[in-house]
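Enquirer: Once you've had a glance at the structure underneath, I'll fire off some questions.
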Amino acid sequence: PIVPAARLQQLPVQFFASLVQKANAQIAAGHDVINLGQGNPDQPTPAHIVSKMQEAAANPLYHKYPPFNGFLFLKEAIAKRYKEDYNVDLDPQTEVAILFGGKTGLIEISQCLLNPGDVCLVPDPGYPDYWSGVALAGAEMVFMPLKESNQYLPDYSALSPADLNRAKLMFLNYPNNPTGATASAEFYDETIRFAEKNGVVVASDFAYGAIGFDGEKPVSFLQQKGAKEVGIEFYTLSKTYNMAGWRVGFALGNPEVIRLINLIQDHYYCSLFGGIQAAAAEALTASQACVTDLLQMYENRRDALYLALSTIGWEAKPSKGSFFTWLPIPKGYTSNQFADLVLQEAKVVVAPGVGFGTHGEGYVRLALLSSEARLTEAVERIGRLNLFR
Ligand code: PLP
């Protein structure tokens, strides 16, 4: 018999797999299901990026093994974008690592920094990939509750000295998945002081950095003085340029952490296909009009969704960023029960909050990845169940 290694048994259960299965069963039964549960961008990659890839694929330079850790031109392109967008200086040689999507870096950083017995501070609710990396490193998680009453920011003063003594790494993610919250420069300043005092490395997940609503441009952790001394930021092209399938991400900031991430990557793989790197550089250096258009599209969708919600009496504060909305559910249901009910009765898929951590109970997450008309229809269907009045 084949016996899996013990570390695999520590991996969290893929919570959304059963959701997808249930939704597929409804589709197979002939129902028109509106899926607001998953976070897969619905728009295609802009044409100029695809053309660059097609042209680059014909270049024999890219048919060989790419250089370990990727092409310098792509590191220069992301450094230039951070300078332009956030006035952050990054040395392309030492302060940038190219990743197979942000996801790999989120897992690798735990393997780079954590030993068994170490603690990683993880937001709850939060993106489940953080848990996987900590589990594979054999380390422990201490959850930092994100509460509506604190704008979904962690309260560092609530952490126990015993946990802080063992804490080596922490994850933050603003604009936030799943709550749609954003963070201020002041919060990051407080975070840097906290990290310095406790010897904790900060991993800021800026996957939704391009998506901030109501004219508020999301703040990058790296914009704050002292950030590079205590941490790194993860960035990805998946959301900003609708390139989720291309698998391009970056780790940016502290040179020693970047060195470790590059080191571990050397052992897993060389780098991304050069044609993809050329297309990624095109995305970052060409006109950013496509990003402005995307942001407007998400903001229009958010507005349409909240308008529909208010019509059916589902009260919630509008999200400030990311393409997720986080909605309190009526009393008397768990988030799983509520998600099952709206799938069975309204044929709408929503993500139960508990899938993002125990503090996610009492909420569901809806993604803005369908047209305004479909979002509105989904809410109208839920409205007909008369759960909110
Ligand atoms: N971080 C957050 C919070 C996400 O929601 C996602 C994707 O859904 C990622 C990181 C990873 O994105 P990717 O691996 O496509 O770069």
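Chain labels follow the order of the structure tokens: the first chain is A, the next B, and so on; residue numbering restarts at 1 in every chain, and ligands are counted from 1 in their shown order.
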If DSSP is run on the backbone, what residues of range 8-150 of chain A are alpha helix (DSSP H)? A reply as a ChimeraX atom specification would be ideal.

Expert: /A:8-9,15-28,47-57,72-86,101-113,129-136

Enquirer: I'd like the neighbourhood of range 230-243 of chain A as a VMD selection string, where a residue qualifies if any of its atoms comes within 8 Å (using only C-alpha atoms), though same-chain residues fewer than 6 positions away should be ignored.

Expert: chain A and resid 41 to 46 101 to 102 105 to 106 192 195 to 196 200 to 211 221 to 222 249 to 254 257 to 258 280 283 290 to 291 294

Enquirer: Set the distance at 10 Å and use only C-alpha atoms: which residues neighbour Gly117 in chain A once local chain neighbours fewer than 2 positions away are removed? I'd like the list as a list in words.

Expert: Leu114, Asn115, Val119, Cys120, Ala137, Gly138, Ala139, Glu140, Met141, Arg166 and Ala167 of chain A

Enquirer: For the selection you just gave me, I'd like the residues written to a file as a compact mmCIF listing (two decimals), in the first residue's frame, keeping N, CA and C atoms.

Expert:
```
# COMPACT_ATOMS: atom_id res chain seq x y z
N LEU A 114 9.76 28.95 8.75
CA LEU A 114 9.18 28.33 9.94
C LEU A 114 9.73 26.94 10.22
N ASN A 115 10.02 26.68 11.47
CA ASN A 115 10.38 25.35 11.94
C ASN A 115 9.22 24.80 12.77
N VAL A 119 5.38 29.70 15.44
CA VAL A 119 4.00 30.15 15.26
C VAL A 119 3.92 31.09 14.06
N CYS A 120 2.86 30.95 13.29
CA CYS A 120 2.55 31.90 12.22
C CYS A 120 1.22 32.56 12.55
N ALA A 137 5.04 23.20 6.58
CA ALA A 137 6.27 23.51 7.33
C ALA A 137 6.24 22.87 8.72
N GLY A 138 5.12 22.25 9.09
CA GLY A 138 5.02 21.62 10.41
C GLY A 138 4.95 22.63 11.54
N ALA A 139 4.59 23.87 11.22
CA ALA A 139 4.50 24.91 12.25
C ALA A 139 3.05 25.06 12.73
N GLU A 140 2.84 25.99 13.64
CA GLU A 140 1.50 26.16 14.22
C GLU A 140 0.89 27.50 13.79
N MET A 141 -0.43 27.51 13.70
CA MET A 141 -1.10 28.78 13.38
C MET A 141 -1.74 29.36 14.63
N ARG A 166 6.80 32.83 20.25
CA ARG A 166 7.10 31.80 19.24
C ARG A 166 6.78 32.26 17.81
N ALA A 167 6.18 33.45 17.68
CA ALA A 167 5.74 33.90 16.34
C ALA A 167 6.93 34.33 15.50
```

Enquirer: Which residue is closest to Ile261 in chain A? Choose from A:Tyr82, A:Phe100, A:Trp246, A:Phe143 and count only C-alpha atoms.

Expert: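 Using only C-alpha atoms, Ile261 in chain A sits closest to A:Phe100.
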
Enquirer: Hey, can you check how far CA of Ala6 in chain A sits from CA of Met144 in chain A?

Expert: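 Spanning CA of Ala6 in chain A to CA of Met144 in chain A is a straight-line distance of 26.5 Å.
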
Enquirer: Please list as a ChimeraX atom specification every residue within 7 Å of range 174-187 of chain A, counting only C-alpha atoms and excluding residues in the same chain fewer than 3 positions away.

Expert: /A:126-127,151-152,190-191,205-206,208-209,218-219,224,319-322,324-326,365

Enquirer: Find the residues near range 337-343 of chain A: any atom within 12 Å, counting only C-alpha atoms, skip ones fewer than 5 places away on the same chain, and give them as JSON, numbers by chain.

Expert: {"A": [16, 18, 19, 20, 21, 22, 23, 24, 25, 26, 27, 31, 32, 33, 34, 35, 36, 37, 327, 328, 329, 330, 331, 332, 348, 349, 350, 351, 352, 353, 354, 355, 361, 362, 363, 364, 365, 366, 378, 379, 380, 381, 382, 383, 384, 385, 386, 387]}

Enquirer: Given the selection you just returned, output its residues as a file containing N, CA and C atoms, formatted as a tab-separated table (two decimals), in the first residue's frame.

Expert:
```
chain	number	residue	atom	x	y	z
A	16	PHE	N	-13.81	24.18	-0.64
A	16	PHE	CA	-14.71	24.58	-1.73
A	16	PHE	C	-14.99	23.46	-2.72
A	18	SER	N	-16.46	20.64	-2.16
A	18	SER	CA	-17.82	20.12	-2.01
A	18	SER	C	-18.84	21.12	-2.53
A	19	LEU	N	-18.52	22.41	-2.41
A	19	LEU	CA	-19.40	23.46	-2.94
A	19	LEU	C	-19.52	23.33	-4.46
A	20	VAL	N	-18.37	23.15	-5.11
A	20	VAL	CA	-18.35	23.01	-6.56
A	20	VAL	C	-19.15	21.77	-6.98
A	21	GLN	N	-18.98	20.69	-6.22
A	21	GLN	CA	-19.71	19.46	-6.53
A	21	GLN	C	-21.22	19.66	-6.47
A	22	LYS	N	-21.66	20.33	-5.40
A	22	LYS	CA	-23.10	20.56	-5.24
A	22	LYS	C	-23.63	21.45	-6.37
A	23	ALA	N	-22.84	22.47	-6.73
A	23	ALA	CA	-23.27	23.38	-7.80
A	23	ALA	C	-23.35	22.61	-9.12
A	24	ASN	N	-22.35	21.77	-9.38
A	24	ASN	CA	-22.34	21.00	-10.63
A	24	ASN	C	-23.53	20.05	-10.71
A	25	ALA	N	-23.93	19.51	-9.56
A	25	ALA	CA	-25.09	18.61	-9.55
A	25	ALA	C	-26.35	19.37	-9.98
A	26	GLN	N	-26.46	20.62	-9.54
A	26	GLN	CA	-27.62	21.44	-9.91
A	26	GLN	C	-27.59	21.77	-11.41
A	27	ILE	N	-26.38	22.04	-11.91
A	27	ILE	CA	-26.25	22.35	-13.35
A	27	ILE	C	-26.61	21.10	-14.17
A	31	HIS	N	-30.54	23.10	-14.11
A	31	HIS	CA	-30.86	24.42	-13.53
A	31	HIS	C	-29.89	25.48	-14.00
A	32	ASP	N	-30.40	26.72	-14.08
A	32	ASP	CA	-29.57	27.87	-14.43
A	32	ASP	C	-28.94	28.39	-13.13
A	33	VAL	N	-27.71	27.96	-12.85
A	33	VAL	CA	-27.05	28.30	-11.59
A	33	VAL	C	-26.21	29.58	-11.78
A	34	ILE	N	-26.35	30.52	-10.85
A	34	ILE	CA	-25.49	31.71	-10.87
A	34	ILE	C	-24.41	31.50	-9.80
A	35	ASN	N	-23.17	31.42	-10.25
A	35	ASN	CA	-22.08	31.09	-9.32
A	35	ASN	C	-21.40	32.36	-8.83
A	36	LEU	N	-21.70	32.76	-7.60
A	36	LEU	CA	-21.03	33.91	-6.99
A	36	LEU	C	-20.08	33.42	-5.91
A	37	GLY	N	-19.79	32.13	-5.93
A	37	GLY	CA	-18.99	31.53	-4.87
A	37	GLY	C	-17.51	31.60	-5.12
A	327	LEU	N	-21.13	39.40	3.51
A	327	LEU	CA	-22.48	39.77	3.93
A	327	LEU	C	-22.93	38.95	5.13
A	328	PRO	N	-23.48	39.62	6.16
A	328	PRO	CA	-24.00	38.89	7.31
A	328	PRO	C	-25.27	38.13	6.91
A	329	ILE	N	-25.41	36.92	7.44
A	329	ILE	CA	-26.59	36.12	7.08
A	329	ILE	C	-27.64	36.22	8.19
A	330	PRO	N	-28.90	35.91	7.86
A	330	PRO	CA	-29.94	36.03	8.89
A	330	PRO	C	-29.70	35.06	10.05
A	331	LYS	N	-30.15	35.43	11.22
A	331	LYS	CA	-30.00	34.59	12.41
A	331	LYS	C	-30.72	33.25	12.20
A	332	GLY	N	-30.24	32.22	12.85
A	332	GLY	CA	-30.93	30.93	12.76
A	332	GLY	C	-30.31	29.98	11.75
A	348	VAL	N	-28.33	29.80	-6.56
A	348	VAL	CA	-27.22	30.75	-6.49
A	348	VAL	C	-26.14	30.16	-5.59
A	349	VAL	N	-24.89	30.19	-6.08
A	349	VAL	CA	-23.78	29.69	-5.26
A	349	VAL	C	-23.15	30.86	-4.51
A	350	VAL	N	-23.09	30.74	-3.18
A	350	VAL	CA	-22.36	31.71	-2.36
A	350	VAL	C	-21.36	30.91	-1.52
A	351	ALA	N	-20.28	31.55	-1.10
A	351	ALA	CA	-19.26	30.83	-0.32
A	351	ALA	C	-19.54	31.01	1.17
A	352	PRO	N	-19.74	29.91	1.92
A	352	PRO	CA	-20.00	30.02	3.35
A	352	PRO	C	-18.79	30.61	4.08
A	353	GLY	N	-19.03	31.58	4.95
A	353	GLY	CA	-17.94	32.28	5.63
A	353	GLY	C	-17.04	31.37	6.44
A	354	VAL	N	-17.59	30.29	6.98
A	354	VAL	CA	-16.81	29.42	7.85
A	354	VAL	C	-15.66	28.75	7.09
A	355	GLY	N	-15.76	28.71	5.77
A	355	GLY	CA	-14.67	28.16	4.96
A	355	GLY	C	-13.40	28.99	5.05
A	361	GLU	N	-17.85	32.53	10.44
A	361	GLU	CA	-19.22	32.04	10.66
A	361	GLU	C	-20.16	33.23	10.83
A	362	GLY	N	-21.37	33.08	10.27
A	362	GLY	CA	-22.33	34.20	10.33
A	362	GLY	C	-22.30	35.08	9.09
A	363	TYR	N	-21.40	34.75	8.14
A	363	TYR	CA	-21.29	35.55	6.92
A	363	TYR	C	-21.23	34.64	5.69
A	364	VAL	N	-21.51	35.22	4.53
A	364	VAL	CA	-21.19	34.55	3.26
A	364	VAL	C	-20.42	35.53	2.38
A	365	ARG	N	-19.65	34.96	1.46
A	365	ARG	CA	-18.88	35.79	0.51
A	365	ARG	C	-19.49	35.67	-0.87
A	366	LEU	N	-19.72	36.83	-1.49
A	366	LEU	CA	-20.20	36.86	-2.88
A	366	LEU	C	-19.15	37.53	-3.74
A	378	ALA	N	-29.34	37.31	-9.24
A	378	ALA	CA	-29.02	36.40	-8.14
A	378	ALA	C	-29.65	36.91	-6.84
A	379	VAL	N	-29.50	38.22	-6.60
A	379	VAL	CA	-30.05	38.79	-5.36
A	379	VAL	C	-31.57	38.74	-5.39
A	380	GLU	N	-32.15	39.01	-6.54
A	380	GLU	CA	-33.63	38.95	-6.64
A	380	GLU	C	-34.13	37.54	-6.33
A	381	ARG	N	-33.41	36.55	-6.84
A	381	ARG	CA	-33.82	35.15	-6.56
A	381	ARG	C	-33.75	34.87	-5.05
A	382	ILE	N	-32.68	35.35	-4.42
A	382	ILE	CA	-32.55	35.13	-2.97
A	382	ILE	C	-33.66	35.88	-2.24
A	383	GLY	N	-33.97	37.07	-2.74
A	383	GLY	CA	-35.03	37.90	-2.15
A	383	GLY	C	-36.36	37.17	-2.09
A	384	ARG	N	-36.63	36.38	-3.12
A	384	ARG	CA	-37.92	35.67	-3.19
A	384	ARG	C	-38.06	34.61	-2.09
A	385	LEU	N	-36.98	34.29	-1.42
A	385	LEU	CA	-37.06	33.33	-0.31
A	385	LEU	C	-37.54	34.00	0.98
A	386	ASN	N	-37.65	35.35	0.94
A	386	ASN	CA	-38.17	36.11	2.09
A	386	ASN	C	-37.42	35.83	3.40
A	387	LEU	N	-36.11	35.88	3.33
A	387	LEU	CA	-35.31	35.57	4.54
A	387	LEU	C	-34.95	36.82	5.32
```

Enquirer: Could you list, as JSON, numbers by chain, every residue within 12 Å of Gly274 in chain A, counting only C-alpha atoms and ignoring same-chain residues fewer than 5 positions away?

Expert: {"A": [52, 53, 54, 55, 56, 57, 58, 59, 60, 61, 62, 63, 64, 65, 66, 67, 68, 69, 70, 71, 72, 73, 74, 98, 246, 248, 279, 280, 281]}

Enquirer: Quick check, in Å to one decimal: how far apart do CA of Ala158 in chain A and CA of Lys197 in chain A lie?

Expert: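 About the pair CA of Ala158 in chain A and CA of Lys197 in chain A: they are 15.2 Å apart.
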
Enquirer: Using the chain letters and numbers from this document, which residues of range 107-320 of chain A does DSSP assign to strand (DSSP E), as a count of residues only?

Expert: 35

Enquirer: For range 130-136 of chain A, list every protein, DNA or RNA residue within 8 Å, evaluated using only C-alpha atoms, and leave out those in the same chain fewer than 4 positions away; present the list as a list in words.

Expert: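 Residues meeting the cut-off are Arg7, Leu8, Gln10, Leu11, Pro12, Leu106, Ile107, Glu108, Ile109, Ser110, Gln111, Leu114, Cys120, Val122, Glu140, Met141 and Phe171 of chain A.
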